[in-house]
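Coordinates as given in coords.pdb (PDB, N, CA and C atoms):
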ATOM      1  N   MET J   1     -11.175   4.530  -1.453
ATOM      2  CA  MET J   1      -9.751   4.432  -1.307
ATOM      3  C   MET J   1      -9.198   3.650  -2.493
ATOM      4  N   GLN J   2      -7.999   3.964  -2.897
ATOM      5  CA  GLN J   2      -7.362   3.306  -4.028
ATOM      6  C   GLN J   2      -6.124   2.549  -3.553
ATOM      7  N   PHE J   3      -5.777   1.488  -4.269
ATOM      8  CA  PHE J   3      -4.714   0.592  -3.830
ATOM      9  C   PHE J   3      -3.810   0.205  -4.982
ATOM     10  N   TYR J   4      -2.623  -0.300  -4.616
ATOM     11  CA  TYR J   4      -1.752  -0.986  -5.551
ATOM     12  C   TYR J   4      -1.696  -2.443  -5.135
ATOM     13  N   LYS J   5      -1.602  -3.323  -6.118
ATOM     14  CA  LYS J   5      -1.513  -4.765  -5.888
ATOM     15  C   LYS J   5      -0.152  -5.239  -6.394
ATOM     16  N   GLY J   6       0.551  -5.999  -5.572
ATOM     17  CA  GLY J   6       1.859  -6.515  -5.972
ATOM     18  C   GLY J   6       2.316  -7.598  -5.021
ATOM     19  N   THR J   7       3.604  -7.882  -5.052
ATOM     20  CA  THR J   7       4.163  -8.834  -4.101
ATOM     21  C   THR J   7       4.264  -8.147  -2.742
ATOM     22  N   PHE J   8       4.488  -8.952  -1.695
ATOM     23  CA  PHE J   8       4.674  -8.356  -0.377
ATOM     24  C   PHE J   8       5.841  -7.374  -0.408
ATOM     25  N   GLU J   9       6.935  -7.780  -1.038
ATOM     26  CA  GLU J   9       8.131  -6.944  -1.094
ATOM     27  C   GLU J   9       7.865  -5.622  -1.823
ATOM     28  N   GLN J  10       7.116  -5.669  -2.931
ATOM     29  CA  GLN J  10       6.778  -4.447  -3.661
ATOM     30  C   GLN J  10       5.918  -3.514  -2.806
ATOM     31  N   CYS J  11       4.913  -4.077  -2.162
ATOM     32  CA  CYS J  11       4.009  -3.269  -1.342
ATOM     33  C   CYS J  11       4.758  -2.659  -0.157
ATOM     34  N   LYS J  12       5.612  -3.432   0.488
ATOM     35  CA  LYS J  12       6.391  -2.941   1.619
ATOM     36  C   LYS J  12       7.357  -1.849   1.169
ATOM     37  N   ALA J  13       8.006  -2.036   0.023
ATOM     38  CA  ALA J  13       8.930  -1.031  -0.502
ATOM     39  C   ALA J  13       8.189   0.266  -0.832
ATOM     40  N   TYR J  14       6.987   0.163  -1.384
ATOM     41  CA  TYR J  14       6.181   1.354  -1.690
ATOM     42  C   TYR J  14       5.818   2.082  -0.395
ATOM     43  N   ASP J  15       5.372   1.341   0.617
ATOM     44  CA  ASP J  15       5.046   1.941   1.913
ATOM     45  C   ASP J  15       6.274   2.641   2.501
ATOM     46  N   ASP J  16       7.424   1.972   2.457
ATOM     47  CA  ASP J  16       8.659   2.569   2.979
ATOM     48  C   ASP J  16       9.024   3.840   2.225
ATOM     49  N   TYR J  17       8.873   3.825   0.903
ATOM     50  CA  TYR J  17       9.199   4.982   0.057
ATOM     51  C   TYR J  17       8.299   6.176   0.395
ATOM     52  N   VAL J  18       6.996   5.940   0.460
ATOM     53  CA  VAL J  18       6.060   7.029   0.778
ATOM     54  C   VAL J  18       6.321   7.543   2.196
ATOM     55  N   THR J  19       6.516   6.635   3.137
ATOM     56  CA  THR J  19       6.773   7.019   4.522
ATOM     57  C   THR J  19       8.004   7.917   4.616
ATOM     58  N   LEU J  20       9.083   7.520   3.962
ATOM     59  CA  LEU J  20      10.320   8.300   3.983
ATOM     60  C   LEU J  20      10.104   9.687   3.392
ATOM     61  N   ASN J  21       9.429   9.756   2.265
ATOM     62  CA  ASN J  21       9.240  11.036   1.588
ATOM     63  C   ASN J  21       8.226  11.949   2.268
ATOM     64  N   MET J  22       7.307  11.383   3.037
ATOM     65  CA  MET J  22       6.321  12.196   3.750
ATOM     66  C   MET J  22       6.876  12.712   5.074
ATOM     67  N   ASN J  23       7.996  12.144   5.529
ATOM     68  CA  ASN J  23       8.666  12.598   6.748
ATOM     69  C   ASN J  23       7.713  12.623   7.947
ATOM     70  N   TYR J  24       7.007  11.516   8.155
ATOM     71  CA  TYR J  24       6.060  11.435   9.271
ATOM     72  C   TYR J  24       6.772  11.580  10.606
ATOM     73  N   GLN J  25       6.102  12.252  11.535
ATOM     74  CA  GLN J  25       6.613  12.428  12.887
ATOM     75  C   GLN J  25       5.452  12.335  13.862
ATOM     76  N   GLY J  26       5.752  12.047  15.098
ATOM     77  CA  GLY J  26       4.694  11.961  16.110
ATOM     78  C   GLY J  26       4.005  10.615  16.072
ATOM     79  N   THR J  27       2.676  10.618  16.089
ATOM     80  CA  THR J  27       1.921   9.375  16.191
ATOM     81  C   THR J  27       1.840   8.612  14.875
ATOM     82  N   THR J  28       1.992   9.272  13.743
ATOM     83  CA  THR J  28       1.989   8.578  12.457
ATOM     84  C   THR J  28       3.397   8.108  12.148
ATOM     85  N   THR J  29       3.562   6.795  12.023
ATOM     86  CA  THR J  29       4.905   6.265  11.820
ATOM     87  C   THR J  29       5.123   5.663  10.436
ATOM     88  N   HIS J  30       4.043   5.405   9.694
ATOM     89  CA  HIS J  30       4.194   4.914   8.329
ATOM     90  C   HIS J  30       2.929   5.188   7.539
ATOM     91  N   TRP J  31       3.051   5.108   6.219
ATOM     92  CA  TRP J  31       1.957   5.469   5.318
ATOM     93  C   TRP J  31       0.800   4.479   5.393
ATOM     94  N   SER J  32       1.071   3.202   5.206
ATOM     95  CA  SER J  32      -0.010   2.230   5.083
ATOM     96  C   SER J  32       0.428   0.870   5.619
ATOM     97  N   GLU J  33      -0.537   0.042   5.878
ATOM     98  CA  GLU J  33      -0.265  -1.363   6.146
ATOM     99  C   GLU J  33      -0.228  -2.087   4.805
ATOM    100  N   VAL J  34       0.408  -3.243   4.785
ATOM    101  CA  VAL J  34       0.317  -4.129   3.631
ATOM    102  C   VAL J  34      -0.785  -5.131   3.961
ATOM    103  N   PHE J  35      -1.775  -5.214   3.095
ATOM    104  CA  PHE J  35      -2.925  -6.084   3.304
ATOM    105  C   PHE J  35      -2.761  -7.359   2.494
ATOM    106  N   LYS J  36      -2.965  -8.506   3.123
ATOM    107  CA  LYS J  36      -2.950  -9.788   2.418
ATOM    108  C   LYS J  36      -4.379 -10.279   2.331
ATOM    109  N   ILE J  37      -4.854 -10.439   1.111
ATOM    110  CA  ILE J  37      -6.218 -10.911   0.886
ATOM    111  C   ILE J  37      -6.165 -11.987  -0.193
ATOM    112  N   GLN J  38      -6.622 -13.166   0.155
ATOM    113  CA  GLN J  38      -6.665 -14.307  -0.768
ATOM    114  C   GLN J  38      -5.310 -14.520  -1.453
ATOM    115  N   GLU J  39      -4.243 -14.550  -0.659
ATOM    116  CA  GLU J  39      -2.882 -14.818  -1.126
ATOM    117  C   GLU J  39      -2.314 -13.724  -2.041
ATOM    118  N   GLU J  40      -2.919 -12.532  -2.049
ATOM    119  CA  GLU J  40      -2.402 -11.404  -2.823
ATOM    120  C   GLU J  40      -2.207 -10.221  -1.878
ATOM    121  N   TYR J  41      -1.305  -9.319  -2.253
ATOM    122  CA  TYR J  41      -0.922  -8.212  -1.371
ATOM    123  C   TYR J  41      -1.319  -6.869  -1.963
ATOM    124  N   TYR J  42      -1.732  -5.961  -1.071
ATOM    125  CA  TYR J  42      -2.203  -4.640  -1.458
ATOM    126  C   TYR J  42      -1.643  -3.592  -0.506
ATOM    127  N   VAL J  43      -1.498  -2.370  -1.014
ATOM    128  CA  VAL J  43      -1.074  -1.237  -0.201
ATOM    129  C   VAL J  43      -1.876  -0.020  -0.666
ATOM    130  N   VAL J  44      -2.193   0.874   0.248
ATOM    131  CA  VAL J  44      -2.959   2.071  -0.094
ATOM    132  C   VAL J  44      -2.131   2.951  -1.026
ATOM    133  N   ARG J  45      -2.747   3.433  -2.091
ATOM    134  CA  ARG J  45      -2.093   4.307  -3.072
ATOM    135  C   ARG J  45      -2.064   5.740  -2.548
ATOM    136  N   HIS J  46      -0.917   6.372  -2.648
ATOM    137  CA  HIS J  46      -0.784   7.790  -2.324
ATOM    138  C   HIS J  46      -0.822   8.556  -3.639
ATOM    139  N   ILE J  47      -1.663   9.559  -3.733
ATOM    140  CA  ILE J  47      -1.874  10.272  -4.994
ATOM    141  C   ILE J  47      -0.597  10.926  -5.536
ATOM    142  N   SER J  48       0.358  11.240  -4.666
ATOM    143  CA  SER J  48       1.584  11.911  -5.104
ATOM    144  C   SER J  48       2.716  10.957  -5.467
ATOM    145  N   TYR J  49       2.540   9.658  -5.222
ATOM    146  CA  TYR J  49       3.615   8.699  -5.451
ATOM    147  C   TYR J  49       3.098   7.547  -6.308
ATOM    148  N   LEU J  50       3.555   7.495  -7.547
ATOM    149  CA  LEU J  50       3.121   6.481  -8.494
ATOM    150  C   LEU J  50       3.945   5.209  -8.340
ATOM    151  N   SER J  51       3.431   4.122  -8.889
ATOM    152  CA  SER J  51       4.110   2.839  -8.853
ATOM    153  C   SER J  51       3.803   2.068 -10.129
ATOM    154  N   ASP J  52       4.670   1.117 -10.463
ATOM    155  CA  ASP J  52       4.440   0.227 -11.599
ATOM    156  C   ASP J  52       3.534  -0.939 -11.233
ATOM    157  N   MET J  53       3.184  -1.053  -9.952
ATOM    158  CA  MET J  53       2.292  -2.130  -9.534
ATOM    159  C   MET J  53       0.911  -1.929 -10.146
ATOM    160  N   GLU J  54       0.123  -2.988 -10.129
ATOM    161  CA  GLU J  54      -1.244  -2.919 -10.652
ATOM    162  C   GLU J  54      -2.109  -2.019  -9.758
ATOM    163  N   TYR J  55      -2.814  -1.082 -10.372
ATOM    164  CA  TYR J  55      -3.711  -0.161  -9.669
ATOM    165  C   TYR J  55      -5.084  -0.811  -9.543
ATOM    166  N   VAL J  56      -5.675  -0.763  -8.339
ATOM    167  CA  VAL J  56      -7.024  -1.287  -8.140
ATOM    168  C   VAL J  56      -7.859  -0.256  -7.372
ATOM    169  N   GLU J  57      -9.124  -0.180  -7.733
ATOM    170  CA  GLU J  57     -10.038   0.796  -7.120
ATOM    171  C   GLU J  57     -10.446   0.429  -5.712
ATOM    172  N   GLU J  58     -10.570  -0.876  -5.448
ATOM    173  CA  GLU J  58     -10.981  -1.306  -4.113
ATOM    174  C   GLU J  58     -10.457  -2.701  -3.837
ATOM    175  N   LEU J  59     -10.391  -3.047  -2.568
ATOM    176  CA  LEU J  59      -9.930  -4.369  -2.171
ATOM    177  C   LEU J  59     -11.005  -5.405  -2.475
ATOM    178  N   PRO J  60     -10.583  -6.632  -2.815
ATOM    179  CA  PRO J  60     -11.582  -7.682  -2.999
ATOM    180  C   PRO J  60     -12.237  -8.030  -1.673
ATOM    181  N   GLU J  61     -13.451  -8.532  -1.754
ATOM    182  CA  GLU J  61     -14.120  -8.964  -0.539
ATOM    183  C   GLU J  61     -13.494 -10.255  -0.046
ATOM    184  N   THR J  62     -13.391 -10.364   1.259
ATOM    185  CA  THR J  62     -12.815 -11.575   1.826
ATOM    186  C   THR J  62     -13.903 -12.596   2.104
ATOM    187  N   LEU J  63     -13.536 -13.843   2.055
ATOM    188  CA  LEU J  63     -14.484 -14.916   2.364
ATOM    189  C   LEU J  63     -14.497 -15.107   3.875
ATOM    190  N   GLU J  64     -15.648 -15.122   4.453
ATOM    191  CA  GLU J  64     -15.777 -15.302   5.907
ATOM    192  C   GLU J  64     -15.839 -16.759   6.249
TER     193      GLU J  64
END
Could you quickly redo this structure as structure tokens?
Amino acid sequence: MQFYKGTFEQCKAYDDYVTLNMNYQGTTTHWSEVFKIQEEYYVVRHISYLSDMEYVEELPETLE
């Protein structure tokens, strides 16, 4: 899976943008969650919707 890294507001806006354009109905209500890992925010990248946020191949591992 691929992700974008940005501020919470950037990630939430990207999720809202993809959700609106995908016109989800039924049980799917939004594209992705915003993930907070080690004080940084990530959102799943949609291949059809680009962003200026930093692109990352995978999420960092969390400390247990």
*Contacts of range 38-50 of chain J at 6 Å or less, counting all atoms listed in the file, minus same-chain residues fewer than 3 places along, as a ChimeraX atom specification?*
/J:2-8,11,32-35
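What separates atom C of Gln10 in chain J from CA of Gly26 in chain J is a distance of 24.5 Å.
One finds atom C of His30 in chain J at 6.8 Å from CA of Asp15 in chain J.
Ranking J:Lys36, J:Met22, J:Lys12, J:Met1 by their shortest atom-to-atom distance to Val56 in chain J, with all atoms listed in the file included, puts J:Met1 first.
Computed from the coordinates, the atom N of Thr28 in chain J to atom N of Asp52 in chain J distance equals 25.7 Å.
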To test the calculation: enclose all listed atoms of range 18-31 of chain J in a box whose edges run along x, y and z, add 8 Å on each side, then state centre and edge lengths in Å to one decimal, as JSON.
{"center_x": 5.6, "center_y": 8.6, "center_z": 8.3, "size_x": 25.5, "size_y": 24.2, "size_z": 31.7}
*Can you check which residues of chain J DSSP gives as helix (DSSP H, G or I) on the backbone and send them as a PyMOL selection string?*
chain J and resi 8-22
Go ahead and save the residues from that selection, with N, CA and C atoms, as a compact mmCIF listing (two decimals), in the coordinates of the input.
# COMPACT_ATOMS: atom_id res chain seq x y z
N PHE J 8 4.49 -8.95 -1.70
CA PHE J 8 4.67 -8.36 -0.38
C PHE J 8 5.84 -7.37 -0.41
N GLU J 9 6.94 -7.78 -1.04
CA GLU J 9 8.13 -6.94 -1.09
C GLU J 9 7.86 -5.62 -1.82
N GLN J 10 7.12 -5.67 -2.93
CA GLN J 10 6.78 -4.45 -3.66
C GLN J 10 5.92 -3.51 -2.81
N CYS J 11 4.91 -4.08 -2.16
CA CYS J 11 4.01 -3.27 -1.34
C CYS J 11 4.76 -2.66 -0.16
N LYS J 12 5.61 -3.43 0.49
CA LYS J 12 6.39 -2.94 1.62
C LYS J 12 7.36 -1.85 1.17
N ALA J 13 8.01 -2.04 0.02
CA ALA J 13 8.93 -1.03 -0.50
C ALA J 13 8.19 0.27 -0.83
N TYR J 14 6.99 0.16 -1.38
CA TYR J 14 6.18 1.35 -1.69
C TYR J 14 5.82 2.08 -0.40
N ASP J 15 5.37 1.34 0.62
CA ASP J 15 5.05 1.94 1.91
C ASP J 15 6.27 2.64 2.50
N ASP J 16 7.42 1.97 2.46
CA ASP J 16 8.66 2.57 2.98
C ASP J 16 9.02 3.84 2.22
N TYR J 17 8.87 3.82 0.90
CA TYR J 17 9.20 4.98 0.06
C TYR J 17 8.30 6.18 0.40
N VAL J 18 7.00 5.94 0.46
CA VAL J 18 6.06 7.03 0.78
C VAL J 18 6.32 7.54 2.20
N THR J 19 6.52 6.64 3.14
CA THR J 19 6.77 7.02 4.52
C THR J 19 8.00 7.92 4.62
N LEU J 20 9.08 7.52 3.96
CA LEU J 20 10.32 8.30 3.98
C LEU J 20 10.10 9.69 3.39
N ASN J 21 9.43 9.76 2.26
CA ASN J 21 9.24 11.04 1.59
C ASN J 21 8.23 11.95 2.27
N MET J 22 7.31 11.38 3.04
CA MET J 22 6.32 12.20 3.75
C MET J 22 6.88 12.71 5.07
